[in-house]
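Asker: Structure provided below as structure tokens; questions to follow.
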Amino acid sequence: MKKLLLITCLISLVCVGSLFAEEHMITDKAELQKISFELKPVVKGSTENMVLFSVQLKNISGKPMMYKMTAILDEKYAGEGIVPVDEQRQQRVQPDEVVTGKIAVTYDKIPTNFILFIDEEN
């Protein structure tokens, strides 16, 4: 059965935040290791910012997998990412391998809360 990771957290007003989810729901084919994020310019020298999430996952399924991640900030703005990053969708995360995926969401401040979904990708 597929499960989704749903984390809502309050974040202090700092430019770099990090958290570790002890209680979560996630696809039963992955284990969440760590979530961190930072606020940075969309491009160097730009006044437009983005929140860049780094999500560390471990494949616990016993077979090669691909995962889809979605982050929703302050219930308004969203971004998606695929782990591993592969535009032709041929690469997979190998069993027991730990990988880091990234999600960028254009947003002008550190969010007060966010929701993160992680599921299997076909």
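As shown in the structure tokens, the chain order sets the letters A, B, ...; within each chain, residues go from 1, and ligands are also counted from 1 in the order they appear.
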Skip stretch 47-55 of chain A itself and residues of its chain fewer than 3 positions away, then list as a list in words all residues within 6 Å of it, counting only C-alpha atoms.

Answerer: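 Everything that qualifies: Lys34, Ile35, Ser36, Phe37, Glu38, Leu39, Lys40, Pro41, Val42, Thr100, Gly101, Lys102, Ile103, Ala104, Val105, Thr106, Tyr107 and Asp108 of chain A.
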
Asker: Any chance you could export the current selection's N, CA and C atoms as a short mmCIF file (atom, residue, chain, number, x, y, z; two decimals), in the first residue's frame?

Answerer:
```cif
data_model
loop_
_atom_site.label_atom_id
_atom_site.label_comp_id
_atom_site.auth_asym_id
_atom_site.auth_seq_id
_atom_site.Cartn_x
_atom_site.Cartn_y
_atom_site.Cartn_z
N LYS A 34 16.51 12.55 5.94
CA LYS A 34 16.71 13.94 6.36
C LYS A 34 16.02 14.89 5.40
N ILE A 35 15.57 16.03 5.92
CA ILE A 35 15.02 17.11 5.11
C ILE A 35 15.73 18.39 5.53
N SER A 36 16.18 19.17 4.58
CA SER A 36 16.73 20.48 4.89
C SER A 36 16.30 21.44 3.79
N PHE A 37 16.37 22.74 4.06
CA PHE A 37 16.00 23.72 3.06
C PHE A 37 16.75 25.01 3.30
N GLU A 38 16.79 25.83 2.26
CA GLU A 38 17.42 27.13 2.37
C GLU A 38 16.74 28.10 1.41
N LEU A 39 16.83 29.38 1.73
CA LEU A 39 16.30 30.44 0.89
C LEU A 39 17.46 31.01 0.08
N LYS A 40 17.34 31.02 -1.24
CA LYS A 40 18.41 31.54 -2.08
C LYS A 40 17.84 32.21 -3.31
N PRO A 41 18.63 33.05 -3.98
CA PRO A 41 18.15 33.69 -5.22
C PRO A 41 17.89 32.65 -6.31
N VAL A 42 16.90 32.92 -7.16
CA VAL A 42 16.60 32.02 -8.27
C VAL A 42 17.82 31.88 -9.18
N THR A 100 19.97 11.97 -2.50
CA THR A 100 19.39 13.26 -2.14
C THR A 100 18.69 13.84 -3.35
N GLY A 101 17.43 14.20 -3.17
CA GLY A 101 16.66 14.85 -4.22
C GLY A 101 16.42 16.30 -3.84
N LYS A 102 16.20 17.14 -4.83
CA LYS A 102 15.99 18.56 -4.58
C LYS A 102 14.69 19.02 -5.21
N ILE A 103 14.02 19.94 -4.50
CA ILE A 103 12.80 20.56 -4.99
C ILE A 103 12.98 22.06 -4.82
N ALA A 104 12.80 22.83 -5.88
CA ALA A 104 12.87 24.29 -5.82
C ALA A 104 11.47 24.86 -5.97
N VAL A 105 11.12 25.78 -5.08
CA VAL A 105 9.83 26.45 -5.13
C VAL A 105 10.10 27.95 -5.11
N THR A 106 9.68 28.67 -6.15
CA THR A 106 9.85 30.11 -6.18
C THR A 106 8.99 30.72 -5.08
N TYR A 107 9.65 31.39 -4.14
CA TYR A 107 8.96 31.96 -2.98
C TYR A 107 9.87 33.01 -2.38
N ASP A 108 9.32 34.09 -1.86
CA ASP A 108 10.15 35.22 -1.44
C ASP A 108 10.57 35.20 0.04
#
```

Asker: Find the residues around A:Met66 up to 6 Å (only C-alpha atoms counted), leave out those fewer than 2 positions away in its own chain, and share them as a VMD selection string.

Answerer: chain A and resid 83 92 121

Asker: Let me see the file: selected residues, all heavy atoms, as a PDB file, in the first residue's frame.

Answerer:
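And here is the file that came out, result14.pdb:
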```
ATOM      1  N   VAL A  83      13.373  11.687  -7.993  1.00  0.00           N
ATOM      2  CA  VAL A  83      14.625  11.111  -7.480  1.00  0.00           C
ATOM      3  C   VAL A  83      14.772   9.727  -8.065  1.00  0.00           C
ATOM      4  O   VAL A  83      13.857   8.923  -7.931  1.00  0.00           O
ATOM      5  CB  VAL A  83      14.597  11.023  -5.941  1.00  0.00           C
ATOM      6  CG1 VAL A  83      15.861  10.398  -5.421  1.00  0.00           C
ATOM      7  CG2 VAL A  83      14.388  12.393  -5.327  1.00  0.00           C
ATOM      8  N   ARG A  92      17.497   4.483 -11.793  1.00  0.00           N
ATOM      9  CA  ARG A  92      16.717   4.164 -10.595  1.00  0.00           C
ATOM     10  C   ARG A  92      17.629   4.196  -9.379  1.00  0.00           C
ATOM     11  O   ARG A  92      18.846   4.028  -9.490  1.00  0.00           O
ATOM     12  CB  ARG A  92      16.096   2.769 -10.699  1.00  0.00           C
ATOM     13  CG  ARG A  92      15.131   2.571 -11.866  1.00  0.00           C
ATOM     14  CD  ARG A  92      13.821   3.293 -11.588  1.00  0.00           C
ATOM     15  NE  ARG A  92      12.794   3.042 -12.580  1.00  0.00           N
ATOM     16  CZ  ARG A  92      12.547   3.823 -13.614  1.00  0.00           C
ATOM     17  NH1 ARG A  92      13.273   4.872 -13.853  1.00  0.00           N
ATOM     18  NH2 ARG A  92      11.557   3.547 -14.442  1.00  0.00           N
ATOM     19  N   GLU A 121       7.296   6.494  -8.231  1.00  0.00           N
ATOM     20  CA  GLU A 121       7.082   6.986  -9.594  1.00  0.00           C
ATOM     21  C   GLU A 121       7.271   5.811 -10.537  1.00  0.00           C
ATOM     22  O   GLU A 121       8.206   5.030 -10.392  1.00  0.00           O
ATOM     23  CB  GLU A 121       8.086   8.097  -9.916  1.00  0.00           C
ATOM     24  CG  GLU A 121       7.991   8.635 -11.310  1.00  0.00           C
ATOM     25  CD  GLU A 121       6.742   9.468 -11.582  1.00  0.00           C
ATOM     26  OE1 GLU A 121       5.971   9.762 -10.670  1.00  0.00           O
ATOM     27  OE2 GLU A 121       6.543   9.802 -12.760  1.00  0.00           O
TER      28      GLU A 121
END
```

Asker: Mind checking which residues fall within 7 Å of A:Val99, counting only C-alpha atoms, ignoring those fewer than 4 positions away in the same chain, and posting them as a PyMOL selection string?

Answerer: chain A and resi 56-58

Asker: Output the selection as a short mmCIF file (atom, residue, chain, number, x, y, z; two decimals), in the first residue's frame - C-alpha atoms for each residue.

Answerer:
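Output (selection-v1.cif):
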```cif
data_model
loop_
_atom_site.label_atom_id
_atom_site.label_comp_id
_atom_site.auth_asym_id
_atom_site.auth_seq_id
_atom_site.Cartn_x
_atom_site.Cartn_y
_atom_site.Cartn_z
CA GLN A 56 17.54 12.40 1.61
CA LEU A 57 15.90 9.00 0.95
CA LYS A 58 16.97 5.39 1.26
#
```

Asker: DSSP says strand (DSSP E or B) for which residues of stretch 9-115 of chain A? Put them as a PyMOL selection string?

Answerer: chain A and resi 16-19+30-41+49-59+65+67-73+77-83+93+98-106+114-115
